[in-house]
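The file model.csv comes next; it holds CSV, C-alpha atoms.
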chain,number,residue,atom,x,y,z
A,1,MET,CA,-18.6,-85.5,19.1
A,2,VAL,CA,-19.6,-81.9,19.6
A,3,GLN,CA,-16.5,-79.7,20.1
A,4,ARG,CA,-16.7,-76.9,22.6
A,5,PHE,CA,-14.8,-73.6,22.4
A,6,LYS,CA,-12.5,-72.9,25.3
A,7,PRO,CA,-13.5,-69.9,27.4
A,8,GLY,CA,-10.4,-68.0,26.3
A,9,LEU,CA,-11.1,-68.6,22.6
A,10,ARG,CA,-14.7,-67.5,23.0
A,11,ARG,CA,-13.6,-64.3,24.6
A,12,SER,CA,-11.1,-63.7,21.8
A,13,LEU,CA,-13.8,-64.2,19.2
A,14,SER,CA,-16.1,-61.8,21.0
A,15,TRP,CA,-13.4,-59.1,21.0
A,16,LEU,CA,-12.7,-59.8,17.3
A,17,VAL,CA,-16.4,-59.4,16.4
A,18,LEU,CA,-16.6,-56.1,18.3
A,19,GLU,CA,-13.4,-54.9,16.6
A,20,ILE,CA,-14.7,-55.7,13.1
A,21,PHE,CA,-18.1,-54.1,13.8
A,22,SER,CA,-16.6,-51.0,15.3
A,23,LEU,CA,-14.0,-50.6,12.6
A,24,GLY,CA,-16.6,-51.1,9.9
A,25,THR,CA,-18.8,-48.5,11.5
A,26,ALA,CA,-16.0,-46.0,11.5
A,27,VAL,CA,-15.1,-46.7,7.9
A,28,VAL,CA,-18.7,-46.3,6.8
A,29,PHE,CA,-19.3,-43.0,8.6
A,30,THR,CA,-16.0,-41.5,7.5
A,31,THR,CA,-16.7,-42.5,3.9
A,32,MET,CA,-20.2,-41.0,4.0
A,33,LEU,CA,-18.7,-37.7,5.4
A,34,ALA,CA,-15.9,-37.8,2.7
A,35,ILE,CA,-18.4,-38.3,-0.1
A,36,GLY,CA,-20.8,-35.7,1.3
A,37,TYR,CA,-17.9,-33.2,1.7
A,38,ALA,CA,-16.8,-33.8,-1.9
A,39,ALA,CA,-20.4,-33.2,-3.1
A,40,TYR,CA,-20.7,-30.1,-1.0
A,41,ARG,CA,-17.3,-28.7,-2.1
A,42,PHE,CA,-17.4,-29.6,-5.8
A,43,GLY,CA,-21.1,-29.5,-6.5
A,44,GLY,CA,-21.9,-28.5,-10.0
A,45,SER,CA,-22.0,-29.7,-13.6
A,46,ASP,CA,-18.8,-28.3,-15.1
A,47,PHE,CA,-16.4,-31.1,-15.9
A,48,LEU,CA,-13.1,-29.3,-14.9
A,49,GLU,CA,-14.4,-27.3,-12.0
A,50,ASN,CA,-16.8,-29.8,-10.5
A,51,LEU,CA,-17.0,-33.4,-11.9
A,52,LEU,CA,-13.3,-34.0,-12.2
A,53,PRO,CA,-12.3,-32.7,-8.8
A,54,PHE,CA,-15.2,-34.7,-7.3
A,55,VAL,CA,-13.9,-37.9,-8.8
A,56,LEU,CA,-10.3,-37.2,-7.9
A,57,GLY,CA,-11.4,-36.4,-4.3
A,58,ILE,CA,-13.2,-39.7,-4.0
A,59,ALA,CA,-10.2,-41.5,-5.5
A,60,GLY,CA,-7.9,-39.8,-3.0
A,61,TRP,CA,-10.1,-40.8,-0.1
A,62,ILE,CA,-9.9,-44.5,-1.3
A,63,VAL,CA,-6.1,-44.3,-1.3
A,64,LEU,CA,-6.0,-42.6,2.1
A,65,LEU,CA,-8.4,-45.2,3.5
A,66,ALA,CA,-6.2,-48.0,2.2
A,67,VAL,CA,-3.2,-46.4,3.9
A,68,LEU,CA,-5.1,-45.9,7.2
A,69,LEU,CA,-6.3,-49.5,7.2
A,70,ASN,CA,-2.7,-50.7,6.6
A,71,LEU,CA,-1.5,-48.6,9.5
A,72,TRP,CA,-4.3,-50.0,11.6
A,73,GLY,CA,-3.1,-53.5,10.8
A,74,ARG,CA,0.4,-52.8,12.0
A,75,LEU,CA,-0.9,-51.1,15.1
A,76,ARG,CA,-3.2,-54.0,15.8
A,77,LEU,CA,-0.3,-56.5,15.9
A,78,ARG,CA,1.4,-54.4,18.6
A,79,LEU,CA,-1.7,-54.0,20.6
A,80,LEU,CA,-2.4,-57.8,20.5
A,81,GLN,CA,0.9,-58.4,22.2
A,82,THR,CA,-0.5,-56.6,25.2
A,83,SER,CA,-4.1,-57.8,25.2
A,84,TRP,CA,-6.8,-59.2,22.8
A,85,SER,CA,-9.2,-56.5,24.0
A,86,LEU,CA,-7.1,-53.5,23.1
A,87,PRO,CA,-7.8,-53.4,19.3
A,88,ALA,CA,-11.5,-53.9,19.9
A,89,LEU,CA,-11.7,-51.1,22.6
A,90,LEU,CA,-9.7,-48.7,20.5
A,91,SER,CA,-11.8,-49.4,17.4
A,92,LEU,CA,-14.9,-48.9,19.5
A,93,ILE,CA,-13.7,-45.5,20.7
A,94,LEU,CA,-12.9,-44.6,17.1
A,95,ALA,CA,-16.4,-45.6,16.0
A,96,VAL,CA,-18.0,-43.5,18.7
A,97,ALA,CA,-15.9,-40.5,17.9
A,98,VAL,CA,-16.5,-40.7,14.1
A,99,THR,CA,-20.3,-41.2,14.6
A,100,SER,CA,-20.4,-38.2,17.0
A,101,LEU,CA,-18.5,-36.2,14.4
A,102,GLY,CA,-21.0,-37.1,11.7
A,103,LEU,CA,-24.0,-36.2,13.9
A,104,GLN,CA,-22.6,-32.7,14.7
A,105,PRO,CA,-24.9,-29.9,13.5
A,106,GLU,CA,-22.0,-28.2,11.5
A,107,ASN,CA,-21.7,-31.4,9.4
A,108,ARG,CA,-25.4,-31.4,8.4
A,109,ALA,CA,-24.6,-29.9,5.0
A,110,MET,CA,-22.2,-32.9,4.2
A,111,SER,CA,-24.9,-35.4,5.4
A,112,ASP,CA,-27.5,-33.6,3.2
A,113,HIS,CA,-25.3,-33.7,0.2
A,114,PHE,CA,-24.6,-37.4,0.7
A,115,ARG,CA,-28.3,-38.1,0.9
A,116,GLY,CA,-28.8,-36.0,-2.1
A,117,LEU,CA,-26.4,-38.1,-4.1
A,118,LEU,CA,-28.2,-41.3,-3.1
A,119,GLY,CA,-31.8,-39.9,-3.2
A,120,GLY,CA,-31.4,-38.0,-6.5
A,121,ARG,CA,-34.5,-36.1,-7.7
A,122,GLN,CA,-36.6,-37.6,-4.9
A,123,GLN,CA,-34.4,-36.3,-2.2
A,124,ALA,CA,-34.0,-32.9,-3.9
A,125,ALA,CA,-37.8,-32.7,-4.1
A,126,LYS,CA,-38.1,-33.4,-0.3
A,127,LEU,CA,-35.5,-30.7,0.5
A,128,ASN,CA,-37.3,-28.2,-1.8
A,129,LEU,CA,-40.6,-28.9,0.1
A,130,ALA,CA,-38.9,-28.5,3.4
A,131,HIS,CA,-37.5,-25.1,2.4
A,132,GLN,CA,-41.0,-24.1,1.3
A,133,VAL,CA,-42.1,-24.8,4.8
A,134,TYR,CA,-39.2,-22.8,6.3
A,135,ALA,CA,-40.0,-19.9,3.9
A,136,ALA,CA,-43.7,-19.9,4.9
A,137,TYR,CA,-42.7,-19.8,8.6
A,138,ARG,CA,-40.4,-16.9,7.9
A,139,ARG,CA,-43.2,-14.8,6.4
A,140,TYR,CA,-45.3,-15.0,9.6
A,141,THR,CA,-45.0,-12.1,12.1
A,142,GLU,CA,-44.0,-13.1,15.6
A,143,THR,CA,-47.0,-11.2,17.0
A,144,ASP,CA,-49.5,-13.2,14.9
A,145,LEU,CA,-47.8,-16.5,15.8
A,146,GLN,CA,-47.7,-15.7,19.5
A,147,ALA,CA,-51.3,-14.7,19.5
A,148,MET,CA,-52.2,-18.0,17.8
A,149,ILE,CA,-50.1,-20.0,20.3
A,150,ASP,CA,-51.7,-18.2,23.2
A,151,ARG,CA,-55.2,-19.1,21.9
A,152,ALA,CA,-54.1,-22.7,21.4
A,153,GLN,CA,-53.5,-23.2,25.1
A,154,LEU,CA,-57.2,-23.5,25.8
A,155,TYR,CA,-57.4,-26.5,23.6
A,156,ASP,CA,-54.0,-28.1,24.3
A,157,ALA,CA,-55.3,-30.9,26.5
A,158,ASP,CA,-58.0,-32.1,24.0
A,159,ILE,CA,-55.6,-32.0,21.0
A,160,ARG,CA,-52.9,-33.7,23.0
A,161,ASP,CA,-55.2,-36.5,23.9
A,162,ALA,CA,-56.5,-36.9,20.3
A,163,ALA,CA,-52.9,-37.0,19.0
A,164,ALA,CA,-51.9,-39.6,21.5
A,165,SER,CA,-55.0,-41.7,20.8
A,166,TYR,CA,-54.2,-41.9,17.1
A,167,ASP,CA,-50.4,-41.9,17.4
A,168,LEU,CA,-50.0,-38.6,15.6
A,169,ASP,CA,-47.4,-35.9,16.0
A,170,LEU,CA,-48.9,-33.3,18.4
A,171,ASP,CA,-47.4,-30.4,16.6
A,172,VAL,CA,-48.8,-31.6,13.3
A,173,LEU,CA,-52.3,-31.8,14.7
A,174,MET,CA,-51.8,-28.3,16.2
A,175,GLY,CA,-50.8,-27.1,12.8
A,176,VAL,CA,-54.0,-28.5,11.3
A,177,ALA,CA,-56.1,-26.6,13.8
A,178,ALA,CA,-54.1,-23.4,13.3
A,179,THR,CA,-54.6,-23.6,9.6
A,180,GLU,CA,-58.3,-24.5,9.7
A,181,SER,CA,-59.5,-22.1,12.4
A,182,SER,CA,-56.6,-20.2,13.9
A,183,PHE,CA,-58.0,-21.6,17.2
A,184,LEU,CA,-61.2,-19.6,16.8
A,185,PRO,CA,-63.8,-22.3,16.6
A,186,ARG,CA,-66.8,-21.4,14.5
A,187,ASP,CA,-69.2,-22.5,11.8
A,188,SER,CA,-68.0,-21.3,8.4
A,189,VAL,CA,-69.9,-20.4,5.2
A,190,ASP,CA,-68.4,-23.4,3.4
A,191,GLY,CA,-69.8,-25.9,5.9
A,192,GLY,CA,-66.9,-26.3,8.2
A,193,HIS,CA,-67.5,-26.8,11.9
A,194,GLY,CA,-65.5,-25.9,15.0
A,195,LEU,CA,-61.8,-26.1,15.8
A,196,PHE,CA,-60.8,-28.3,12.9
A,197,GLN,CA,-63.5,-27.0,10.5
A,198,ILE,CA,-64.9,-30.6,10.1
A,199,THR,CA,-67.0,-31.0,7.0
A,200,ALA,CA,-67.9,-34.3,5.3
A,201,VAL,CA,-66.5,-37.2,7.3
A,202,PRO,CA,-67.1,-40.8,6.4
A,203,LYS,CA,-69.4,-42.5,8.9
A,204,PHE,CA,-66.8,-45.2,9.8
A,205,ILE,CA,-64.4,-42.5,10.8
A,206,GLN,CA,-67.0,-40.9,13.0
A,207,ASP,CA,-67.7,-44.3,14.6
A,208,GLN,CA,-64.0,-44.7,15.4
A,209,ALA,CA,-63.8,-41.3,17.1
A,210,GLN,CA,-67.0,-42.0,19.0
A,211,GLN,CA,-65.6,-45.3,20.2
A,212,GLN,CA,-62.3,-43.6,21.3
A,213,LEU,CA,-64.2,-40.9,23.1
A,214,GLY,CA,-66.6,-43.4,24.7
A,215,VAL,CA,-69.7,-41.4,23.9
A,216,ASP,CA,-73.0,-42.3,22.3
A,217,LYS,CA,-73.2,-39.2,20.0
A,218,LEU,CA,-70.7,-36.8,18.5
A,219,SER,CA,-71.0,-33.0,18.5
A,220,MET,CA,-68.8,-30.9,16.3
A,221,LEU,CA,-69.5,-28.0,18.7
A,222,ASP,CA,-67.6,-29.9,21.4
A,223,ASN,CA,-63.9,-29.1,20.9
A,224,ARG,CA,-62.8,-32.5,22.3
A,225,HIS,CA,-65.1,-34.3,19.9
A,226,ASN,CA,-64.0,-32.1,17.0
A,227,ALA,CA,-60.3,-32.8,17.8
A,228,PHE,CA,-60.8,-36.6,17.9
A,229,VAL,CA,-62.7,-36.6,14.6
A,230,ALA,CA,-60.0,-34.6,13.0
A,231,ALA,CA,-57.3,-36.9,14.3
A,232,ALA,CA,-59.2,-40.0,13.1
A,233,THR,CA,-59.7,-38.4,9.7
A,234,LEU,CA,-56.0,-37.5,9.3
A,235,LYS,CA,-54.9,-40.9,10.5
A,236,TYR,CA,-57.1,-42.5,7.8
A,237,TYR,CA,-55.8,-40.3,5.0
A,238,LEU,CA,-52.2,-40.8,6.1
A,239,ALA,CA,-52.7,-44.6,5.9
A,240,GLU,CA,-54.3,-44.2,2.5
A,241,MET,CA,-51.3,-42.2,1.3
A,242,ASN,CA,-48.7,-44.6,2.6
A,243,ASN,CA,-47.8,-42.2,5.5
A,244,ASP,CA,-46.7,-39.5,3.0
A,245,LEU,CA,-47.3,-36.5,5.2
A,246,PHE,CA,-47.7,-34.0,2.4
A,247,LEU,CA,-50.2,-36.2,0.6
A,248,GLY,CA,-52.0,-37.1,3.8
A,249,LEU,CA,-52.6,-33.5,4.7
A,250,LEU,CA,-53.6,-32.7,1.1
A,251,ALA,CA,-56.1,-35.6,1.2
A,252,TYR,CA,-57.4,-34.3,4.6
A,253,ASN,CA,-58.0,-30.9,3.0
A,254,ILE,CA,-59.7,-32.2,-0.2
A,255,GLY,CA,-61.8,-34.8,1.7
A,256,PRO,CA,-64.0,-37.3,-0.2
A,257,ARG,CA,-65.2,-34.8,-2.8
A,258,ASN,CA,-64.5,-35.6,-6.5
A,259,GLY,CA,-63.5,-39.1,-5.5
A,260,GLY,CA,-60.9,-38.0,-3.0
A,261,LEU,CA,-57.2,-37.4,-3.6
A,262,LYS,CA,-56.4,-41.0,-4.5
A,263,PHE,CA,-58.8,-40.9,-7.4
A,264,ILE,CA,-57.5,-37.5,-8.6
A,265,MET,CA,-53.9,-38.7,-8.5
A,266,GLU,CA,-54.8,-41.8,-10.6
A,267,GLN,CA,-56.7,-39.6,-13.0
A,268,TYR,CA,-53.7,-37.4,-13.7
A,269,GLY,CA,-51.0,-40.0,-13.2
A,270,ALA,CA,-49.4,-38.2,-10.3
A,271,THR,CA,-47.3,-40.3,-7.9
A,272,ASP,CA,-46.3,-37.8,-5.2
A,273,PHE,CA,-47.0,-34.3,-3.9
A,274,VAL,CA,-44.6,-32.6,-6.2
A,275,SER,CA,-46.1,-34.2,-9.4
A,276,MET,CA,-49.6,-33.4,-8.0
A,277,GLN,CA,-49.0,-29.7,-7.2
A,278,PRO,CA,-49.4,-28.4,-10.8
A,279,TYR,CA,-52.9,-29.9,-11.0
A,280,LEU,CA,-54.2,-28.2,-7.9
A,281,GLN,CA,-55.7,-24.7,-7.3
A,282,GLN,CA,-53.8,-22.3,-5.1
A,283,LEU,CA,-55.6,-23.1,-1.8
A,284,PRO,CA,-55.2,-26.9,-1.6
A,285,ARG,CA,-51.8,-26.8,-3.3
A,286,ASP,CA,-50.4,-24.6,-0.4
A,287,TYR,CA,-52.4,-26.4,2.4
A,288,PRO,CA,-49.7,-28.9,3.5
A,289,ILE,CA,-47.1,-26.1,3.5
A,290,ARG,CA,-49.2,-23.9,5.6
A,291,VAL,CA,-50.1,-26.7,8.1
A,292,LEU,CA,-46.4,-27.7,8.5
A,293,SER,CA,-45.2,-24.1,8.8
A,294,HIS,CA,-47.7,-23.6,11.7
A,295,SER,CA,-46.6,-27.0,13.1
A,296,LEU,CA,-43.0,-25.8,13.0
A,297,ALA,CA,-44.0,-22.8,15.1
A,298,PHE,CA,-45.4,-25.1,17.7
A,299,ARG,CA,-42.3,-27.3,17.6
A,300,ILE,CA,-40.1,-24.3,18.2
A,301,TRP,CA,-42.3,-23.1,21.0
A,302,HIS,CA,-42.4,-26.5,22.7
A,303,HIS,CA,-38.7,-26.9,22.4
A,304,GLU,CA,-37.4,-23.4,23.1
A,305,GLY,CA,-40.2,-21.9,25.2
A,306,ARG,CA,-40.3,-19.0,22.7
A,307,LEU,CA,-40.5,-18.2,19.0
A,308,LEU,CA,-37.5,-17.6,16.9
A,309,ALA,CA,-37.2,-15.2,14.0
A,310,TYR,CA,-36.0,-17.3,11.1
A,311,GLN,CA,-33.9,-14.6,9.6
A,312,ASP,CA,-32.1,-13.5,12.7
A,313,GLY,CA,-28.5,-14.6,13.4
A,314,ASP,CA,-28.1,-18.4,13.1
A,315,ASN,CA,-31.7,-19.1,13.8
A,316,ALA,CA,-32.3,-20.6,10.4
A,317,LEU,CA,-29.7,-23.3,10.9
A,318,HIS,CA,-31.0,-23.9,14.4
A,319,ILE,CA,-34.6,-24.3,13.2
A,320,GLN,CA,-33.5,-26.6,10.4
A,321,ARG,CA,-31.7,-28.7,13.0
A,322,LEU,CA,-34.9,-28.9,15.1
A,323,GLY,CA,-36.6,-30.2,11.9
A,324,ILE,CA,-40.2,-30.1,10.6
A,325,PRO,CA,-42.7,-32.1,12.7
A,326,GLY,CA,-43.7,-35.3,11.0
A,327,LEU,CA,-40.8,-35.0,8.5
A,328,LEU,CA,-37.9,-35.7,10.8
A,329,ASN,CA,-37.3,-39.2,9.3
A,330,MET,CA,-38.0,-38.1,5.7
A,331,LEU,CA,-35.2,-35.6,5.1
Transcribe the structure of this file into structure tokens.
Amino acid sequence: MVQRFKPGLRRSLSWLVLEIFSLGTAVVFTTMLAIGYAAYRFGGSDFLENLLPFVLGIAGWIVLLAVLLNLWGRLRLRLLQTSWSLPALLSLILAVAVTSLGLQPENRAMSDHFRGLLGGRQQAAKLNLAHQVYAAYRRYTETDLQAMIDRAQLYDADIRDAAASYDLDLDVLMGVAATESSFLPRDSVDGGHGLFQITAVPKFIQDQAQQQLGVDKLSMLDNRHNAFVAAATLKYYLAEMNNDLFLGLLAYNIGPRNGGLKFIMEQYGATDFVSMQPYLQQLPRDYPIRVLSHSLAFRIWHHEGRLLAYQDGDNALHIQRLGIPGLLNML
């Protein structure tokens, strides 16, 4: 015989599940913040000044957490005397409050240090690259950036359509155009054409762009065609580089010559952008940084309606909170 739960028992179990989930969320977030704060406060390699205080701080948090959970158990018994729902609702409020606290901009440093502990050298490399992008943005003059953004407005619709067609970040594609031509379409001495300085593009990529545009023939003198070919090319290289934005942009810049970036990485045993950088000449090595620093300018412009000087006031922290286009989920 199949036993059925009474409605009252089902409701009690639902409240219990909500309570456990909410309380678990609160514990996880507070623990992440505690570990991140300890790493932020005691970061370093000295045993007495850094390592020992860090370990003692974590041990102290574990003891405090045990005390708090014990107090919760006592409070829970009293709340249950009033209603089954009260412990669940209170734990839900606690979870929301703790999560909101963890997402506050002023707690970013603690979150970054926690990710640094888990990510190790890989996370440190990502943060280093991000600050290279911020530093490159800082070196631009506001006058030059504003002039570039003003020129870009003429091509905004075509680039926006190309980005949407290939599911690319608009600001990243804007950054590619800014780096390639400064929004001054032309034929260059090295064989580049138009807005994105298109050079050697595999035929299957041209066919994709042609199909997306619905035209019988592509013209690199047509800014819309140029943008769609660039978007199709970048999308291809991103897929080839497992959606690593730095490597995807580098592959876009290198193109198919010398076997392409994938072959070059295999030749030198490089596994990521950081390990590949020493083998590159100055121009391609800096290319992803320059693209993303321009992309950052467009992100700031689209979000704020104006450019921000990185070095003024708290602009640096505000810009870092906005994040680098295409890297928002990587850092």
Rank A:Gln132, A:Asn243, A:Ser293, A:Ser188 by their smallest atom-to-atom distance to A:Asp272, using all atoms listed in the file, and report the top residue only.
A:Asn243
Expressed in Å, the length from atom CA of A:Pro202 to atom CA of A:Gly248 is 15.8 Å
Please provide the set of residues having any atom within 12 Å of A:Val17, restricted to all atoms listed in the file, with same-chain residues fewer than 5 positions apart removed, written as a PyMOL selection string.
chain A and resi 10-12+22-24+84-85+87-89+91-92
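Atom CA of A:Leu52 lies 25.8 Å from atom CA of A:Leu127.
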Got a sec: who's within 7 Å of A:Phe183, counting all atoms listed in the file, leaving out chain neighbours fewer than 4 positions off, as a VMD selection string?
chain A and resid 148 151 to 152 177 to 178 195
Give me, as a tab-separated table, each residue of stretch 155-238 of chain A that comes within 8 Å of stretch 316-325 of chain A, together with its shortest interatomic pair and the distance in Å at one decimal, counting only C-alpha atoms, with rows ordered by chain and rising residue number.
residue	atom	partner	partner_atom	distance
A:Asp169	CA	A:Pro325	CA	6.9
A:Asp171	CA	A:Pro325	CA	6.3
A:Val172	CA	A:Pro325	CA	6.1
Which polymer residues, whether protein, DNA or RNA, lie within 12 Å of the coordinate (-55.5, -37.4, 1.3) when you count all atoms listed in the file? List them as a PyMOL selection string, using the chain letters and numbers from the file.
chain A and resi 233-257+259-265+272-273+276+284+287-288
With distances taken over all atoms listed in the file, which of A:Thr99, A:Gln146, A:Thr31, A:Thr82 is nearest to A:Arg306?
A:Gln146
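One distance worth recording is that between atom CA of A:Arg76 and atom CA of A:Glu19, which is 10.3 Å.
You can rank A:Ile159, A:Val176, A:Val215, A:Val67 by their closest distance to A:Gln197 using all atoms listed in the file, and at the top of that list sits A:Val176.
Of the listed residues A:Phe47, A:Phe42, A:Tyr134, A:Phe29, the one whose atoms come nearest to A:Val96 is A:Phe29, with distances taken using all atoms listed in the file.
Checking A:Val55, A:Ile300, A:Ile205, A:Leu327 one by one against A:Asn315, counting all atoms listed in the file, you find the shortest gap at A:Ile300.
With only C-alpha atoms as the basis for measurement, A:Asn223 is the residue among A:Tyr279, A:Asn223, A:Val98, A:Ile62 that approaches A:Asp161 most closely.
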Any chance you could model all heavy atoms for stretch 243-252 of chain A and send them as a compact mmCIF listing (two decimals), in the frame of the given file?
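File written: selection.txt
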# COMPACT_ATOMS: atom_id res chain seq x y z
N ASN A 243 -48.48 -43.05 4.47
CA ASN A 243 -47.80 -42.20 5.50
C ASN A 243 -46.94 -41.10 4.86
O ASN A 243 -46.01 -40.61 5.50
CB ASN A 243 -46.91 -43.10 6.38
CG ASN A 243 -47.74 -43.92 7.33
OD1 ASN A 243 -48.71 -43.44 7.90
ND2 ASN A 243 -47.39 -45.19 7.49
N ASP A 244 -47.26 -40.70 3.62
CA ASP A 244 -46.70 -39.50 3.00
C ASP A 244 -47.39 -38.31 3.65
O ASP A 244 -48.58 -38.09 3.39
CB ASP A 244 -46.81 -39.52 1.52
CG ASP A 244 -46.10 -38.34 0.85
OD1 ASP A 244 -46.39 -37.19 1.25
OD2 ASP A 244 -45.29 -38.57 -0.07
N LEU A 245 -46.68 -37.53 4.47
CA LEU A 245 -47.30 -36.50 5.20
C LEU A 245 -47.94 -35.40 4.35
O LEU A 245 -49.05 -34.92 4.60
CB LEU A 245 -46.35 -35.85 6.23
CG LEU A 245 -46.92 -34.80 7.19
CD1 LEU A 245 -48.09 -35.36 7.99
CD2 LEU A 245 -45.84 -34.28 8.13
N PHE A 246 -47.23 -34.99 3.30
CA PHE A 246 -47.70 -34.00 2.40
C PHE A 246 -49.04 -34.44 1.73
O PHE A 246 -50.02 -33.71 1.66
CB PHE A 246 -46.70 -33.60 1.34
CG PHE A 246 -45.61 -32.73 1.86
CD1 PHE A 246 -44.42 -33.26 2.29
CD2 PHE A 246 -45.77 -31.35 1.94
CE1 PHE A 246 -43.40 -32.46 2.77
CE2 PHE A 246 -44.77 -30.53 2.42
CZ PHE A 246 -43.58 -31.09 2.84
N LEU A 247 -49.03 -35.67 1.21
CA LEU A 247 -50.20 -36.20 0.60
C LEU A 247 -51.34 -36.44 1.57
O LEU A 247 -52.52 -36.22 1.27
CB LEU A 247 -49.88 -37.50 -0.17
CG LEU A 247 -49.01 -37.36 -1.42
CD1 LEU A 247 -48.72 -38.73 -2.02
CD2 LEU A 247 -49.67 -36.45 -2.45
N GLY A 248 -51.00 -36.90 2.78
CA GLY A 248 -52.00 -37.10 3.80
C GLY A 248 -52.72 -35.84 4.17
O GLY A 248 -53.95 -35.81 4.32
N LEU A 249 -51.96 -34.76 4.34
CA LEU A 249 -52.60 -33.50 4.70
C LEU A 249 -53.40 -32.95 3.49
O LEU A 249 -54.48 -32.38 3.69
CB LEU A 249 -51.47 -32.45 5.02
CG LEU A 249 -50.77 -32.68 6.35
CD1 LEU A 249 -49.55 -31.78 6.48
CD2 LEU A 249 -51.72 -32.46 7.52
N LEU A 250 -52.90 -33.14 2.28
CA LEU A 250 -53.60 -32.70 1.10
C LEU A 250 -54.96 -33.49 1.00
O LEU A 250 -56.02 -32.91 0.71
CB LEU A 250 -52.80 -32.92 -0.15
CG LEU A 250 -53.41 -32.43 -1.47
CD1 LEU A 250 -53.68 -30.93 -1.42
CD2 LEU A 250 -52.47 -32.76 -2.63
N ALA A 251 -54.91 -34.79 1.25
CA ALA A 251 -56.10 -35.60 1.20
C ALA A 251 -57.10 -35.18 2.29
O ALA A 251 -58.32 -35.16 2.07
CB ALA A 251 -55.75 -37.09 1.39
N TYR A 252 -56.59 -34.83 3.46
CA TYR A 252 -57.40 -34.30 4.60
C TYR A 252 -58.17 -33.07 4.10
O TYR A 252 -59.37 -32.91 4.36
CB TYR A 252 -56.57 -34.04 5.77
CG TYR A 252 -57.30 -33.44 6.95
CD1 TYR A 252 -57.81 -34.24 7.96
CD2 TYR A 252 -57.47 -32.06 7.05
CE1 TYR A 252 -58.49 -33.68 9.05
CE2 TYR A 252 -58.14 -31.49 8.13
CZ TYR A 252 -58.65 -32.31 9.12
OH TYR A 252 -59.32 -31.76 10.19
